[in-house]
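Only one structure is covered here, and it is reproduced in the block below.
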Amino acid sequence: MSSARLALLIGLLLAFAPAAQAGLSVSNDRTAIATKLGHKFVFHSTIRNDSTAPAGGLVAHLNVVDLSGHTYVDPEDWSSHRTRYLAPIPAGGSTTLPWPMNAVNSGTIGVYVAVLPRSGAPVPPTTGPTLRVRIQDRKTLNSGGILPLALGLPALLGLMALGVRFRRAR
Amino acid sequence: MSAAITARGVEKRYGSLVAVADLSFEVEAGEILGVLGPNGAGKTTAIRVLTTIFAPTRGSFDVAGSPHTCPTEIRRIIGVLPESAGYPERQTAEEYLRYHARLYGQSRLGARAVTKSLLDEVGLGERSRSLISTYSRGMRQRLGIARALVNEPKAVFLDEPTLGLDPAGQRQILSTIRRIAAERGATVLLSTHLLAEVEETCSRVLILSRGRVAAQGTVSEVARQAAAPRSGRLRVPREHVESAIAALQAVPGVEAASADGQPGLLKVTLAQTDGRPPEETMNAGLRALIEAGIPLLSYELEGARLSDAFLAMTEAL
Amino acid sequence: MVVVAGQELRDLWLGGRGLVLSFAFSLLLSVISYLVATNRALNFLEQRESVNLTLQVAIAVGALLALLTAADAVSGERERGTLESLLVTPVSRLEISLGKLLAALSLWAAAFVITVPYVWFLARGVGLVGNAIAVGLVVGTLLAIFLASFGFLISVFAASNRVSLSLSLLVLLALFVPTQLPSSAQQGWASDLLLRLNPMTAGEHYVGKIVTNGHAWSQDISWLVSPLIAAALFAATALVAGARFTRLRGGASG
């Protein structure tokens with residue numbers, strides 16, 4: 001496709017695409033978080049309604065994305081309360097939501113909040129800035145240390161069982 | 001002195017099936033009562049009622065003054081050897097007996113002492129630390145008797161204690177039972193279907209048949225109740241057989257006298273209807289022989305035996 | 001009761017059966033924990049899930065052992081011919097029942113004690129040791145009491161020991177099956193209600209929420225209601241039934 005035709009297509013799409021919710025904005029209380037594997041952390045996002053009418057029927061949703069390219073991300077693991085159904089925000093008002101999360105894997109993840117209407121014509125969601133979360137690795141399981149326990153405890157119990165049997169048989 | 005065990009009209013019913021009906025008897029302290037009956041007569045059911053395993057459907061009983069309405073009190077003062085009692089295979093005799101002694105409220109020290117003494121008494125002292133699984137049947141029965149004595153009971157109930165034992169084992173058990181009554185003064189109720197055991201061991205007998213009492217009393221009283229032919233055997237010198245027969249046949253009450261196969265042996269049949277006890281008639285016969293100058297070499301009055309009474313009474317009901 | 005419980009415990013542990021069962025149980029936990037510990041791809045949440053799995057196995061197996069021991073309590077004595085000798089002693093049927101139940105529960109206690117070092121090893125890296133052990137103890141004890149009482153109840157009335165053990169196992173399986181259903185089958189109010197009513201699924205759910213999801217104890221406390229009620233109700237029923245209905249013959253003729 002020639003660049004002229006591509007530009008025309010994009011222009012037409014933009015012209016006919018539904019507009020994002022007017023007056024809504026999402027901001028975070030932080031831009032970055034550094035934490036360690038296994039720790040919990042919280043950030044707050046504020047949803048402002050700068051329009052002249054109340055904004056109702058809104059849903060806020062937390063999204064988690066792997067930024068490092070090698071961190072396994074299952075959003076349910078990171079937060080179990082990712083969807084919030086908002087009460088109406090009056091004109092000029094705002095609402096602040098806490099988002100508690102668990103640092104389940106090490107690496108760098110991006111977290112952002114998207115706000116969209118529950119009904120009406122489909123519009124692009126209003127998204128907040130991406131919060132960069134860096135999770136430092138720490139060794140939580142010493143695999144080498146399991147052997148003494150895995151072998152020792154059954155051995156001890158087995159010897160006790162044998163000892164009792166031998167003693168009874170005498 | 002009140003009886004050690006008294007039963008009054010005891011009945012045990014399972015729906016329409018009457019296992020025991022109208023059981024009434026009394027046993028004095030120190031007596032050994034033999035409870036005889038064929039299989040299914042209700043002996044075990046009767047014992048289980050008297051030992052409070054089953055509640056009676058009707059009637060009452062008491063053991064050493066404790067009424068049947070106080071089963072816990074009765075259990076404190078009785079010892080029981082159930083029929084085909086099982087034993088924990090993984091325990092030693094010592095552990096088993098100590099446990100039961102403790103169940104009767106003995107202290108640890110007391111239990112230890114009574115265990116040792118009882119095991120020695122029943123001849124298991126040297127095998128007290130062996131597992132019960134290694135015991136023979138006879139040894140288990142002796143262990144069971146020891147357990148029945150662990151609480152110094154006033155009454156001991158033994159249900160078929162010689163079942164499955166060889167003659168030597170039976171003899172040993174019966175000897176122990178006699179000792180229990182004589183030395184400890186305990187009342188013993190011995191349930192068995194072996195007549196010889198009762199004749200040898202018991203002072204009184206109660207015959208059960210189809211759940212009912214067929215006869216009770218001393219062994220000879222019960223034997224006399226049977227309508228069995230009465231007879232005696234005499235031995236006289238061979239040359240006097242004919243004159244002895246003639247002399248005996250002349251005695252009132254002697255129904256018949258005849259040679260009984262072997263040289264000099266005579267069988268005398270006594271009439272059933274003359275009303276005299278058989279001993280009297282036989283004595284008259286002996287007097288007749290003596291007056292006739294016939295030497296008497298031996299004499300035995302067979303009379304009615306317990307086995308005759310047992311068969312007659314259990315077939316009648 | 002002390003005498004009966006003491007002898008039952010001696011029979012179980014000094015007789016060797018308890019130690020053999022504990023040995024087998026520790027082998028199972030060793031295999032599970034070794035596989036978990038040597039999994040290099042394990043992430044933090046999966047480590048929490050491993051702790052949860054270990055606890056669930058411990059609770060399931062410990063409760064199962066208590067159930068089977070209790071299911072043998074009366075019907076087993078009947079079949080071995082040792083019940084009559086016990087019934088003619090002045091010890092009350094209630095004391096006998098209590099002693100046997102306590103002995104059955106000792107298997108859960110032993111299973112829990114064996115589980116502690118494994119949970120400590122797996123959970124220390126994720127800061128979960130205290131919480132995991134505590135919740136495992138609470139939920140496991142409630143479920144063990146419930147199942148042991150249930151098994152004992154069956155044992156009192158069963159016509160034979162085989163019936164008692166089979167029925168006990170069947171009921172246990174029926175209680176456990178819902179935990180294996182896919183999560184899609186566990187949606188809806190009816191399913192939720194059934195999961196809450198079933199003490200096994202409710203207990204498993206509660207442990208999972210605390211160990212895997214890091215919830216506070218009070219957050220899902222409603223899930224503990226059915227294990228608590230089941231433990232109390234069945235324990236009381238078992239003791240009353242044991243006191244009144246422990247007889248020489250089981251089944252309808254008893």
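So you can find residues: chains in the structure tokens are A, B, ... in the order shown, residues in each start at 1, and ligands are numbered from 1 in order.
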Enumerate as a PyMOL selection string all residues of stretch 150-217 of chain C assigned to alpha helix (DSSP H) by DSSP on the backbone, naming them with the chain letters and numbers the document uses.
chain C and resi 150-157+161-176+189-197+199-211
If you run DSSP on this backbone, which residues of stretch 20-129 of chain A come out as strand (DSSP E or B), and could you give them as a PyMOL selection string?
chain A and resi 24-28+32-36+40-49+55+58-66+83-85+89+94-102+107-117+126-127
Counting only C-alpha atoms, which residues of chain C come no farther than 10 Å from chain A, as a PyMOL selection string?
chain C and resi 13-40+42-48+114+117-118+121-127+212-214
Expressed in Å, the length from atom CA of C:Val57 to atom CA of C:Ala216 is 22.0 Å
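Within 10 Å of chain A, and using only C-alpha atoms, the residues found on chain B are Arg90, Gln91, Thr92, Arg129, Ser130 and Leu131 of chain B.
Here atom CA of C:Ser160 stands at a distance of 12.5 Å from atom CA of C:Arg247.
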List the neighbours of stretch 249-263 of chain B out to 10 Å using only C-alpha atoms; skip same-chain residues closer than 2 positions along the sequence, and give me the result as a VMD selection string.
chain B and resid 231 to 239 241 to 242 244 to 247 265 to 278 280 to 282 284 to 289
Hey, could you make a per-residue contact list for chain B against chain C with 6 Å as the cut-off, showing the nearest pair of atoms and its distance in Å to one decimal, counting only C-alpha atoms, sorted by chain and number, as a Markdown table?
```
| residue | atom | partner | partner_atom | distance |
| --- | --- | --- | --- | --- |
| B:Thr72 | CA | C:Pro90 | CA | 5.2 |
| B:Arg75 | CA | C:Pro90 | CA | 5.2 |
| B:Arg76 | CA | C:Pro90 | CA | 5.5 |
| B:Ala85 | CA | C:Gly81 | CA | 5.5 |
| B:Gly86 | CA | C:Gly81 | CA | 4.1 |
| B:Tyr87 | CA | C:Thr82 | CA | 5.8 |
```
Since we have the selection now, will you write its residues out, keeping C-alpha atoms, as a tab-separated table (two decimals), in the first residue's frame?
```tsv
chain	number	residue	atom	x	y	z
B	72	THR	CA	-22.06	-51.17	86.61
B	75	ARG	CA	-19.71	-55.66	86.49
B	76	ARG	CA	-17.46	-54.62	89.34
B	85	ALA	CA	-13.38	-64.98	73.61
B	86	GLY	CA	-10.87	-63.19	71.41
B	87	TYR	CA	-7.58	-61.79	72.56
```
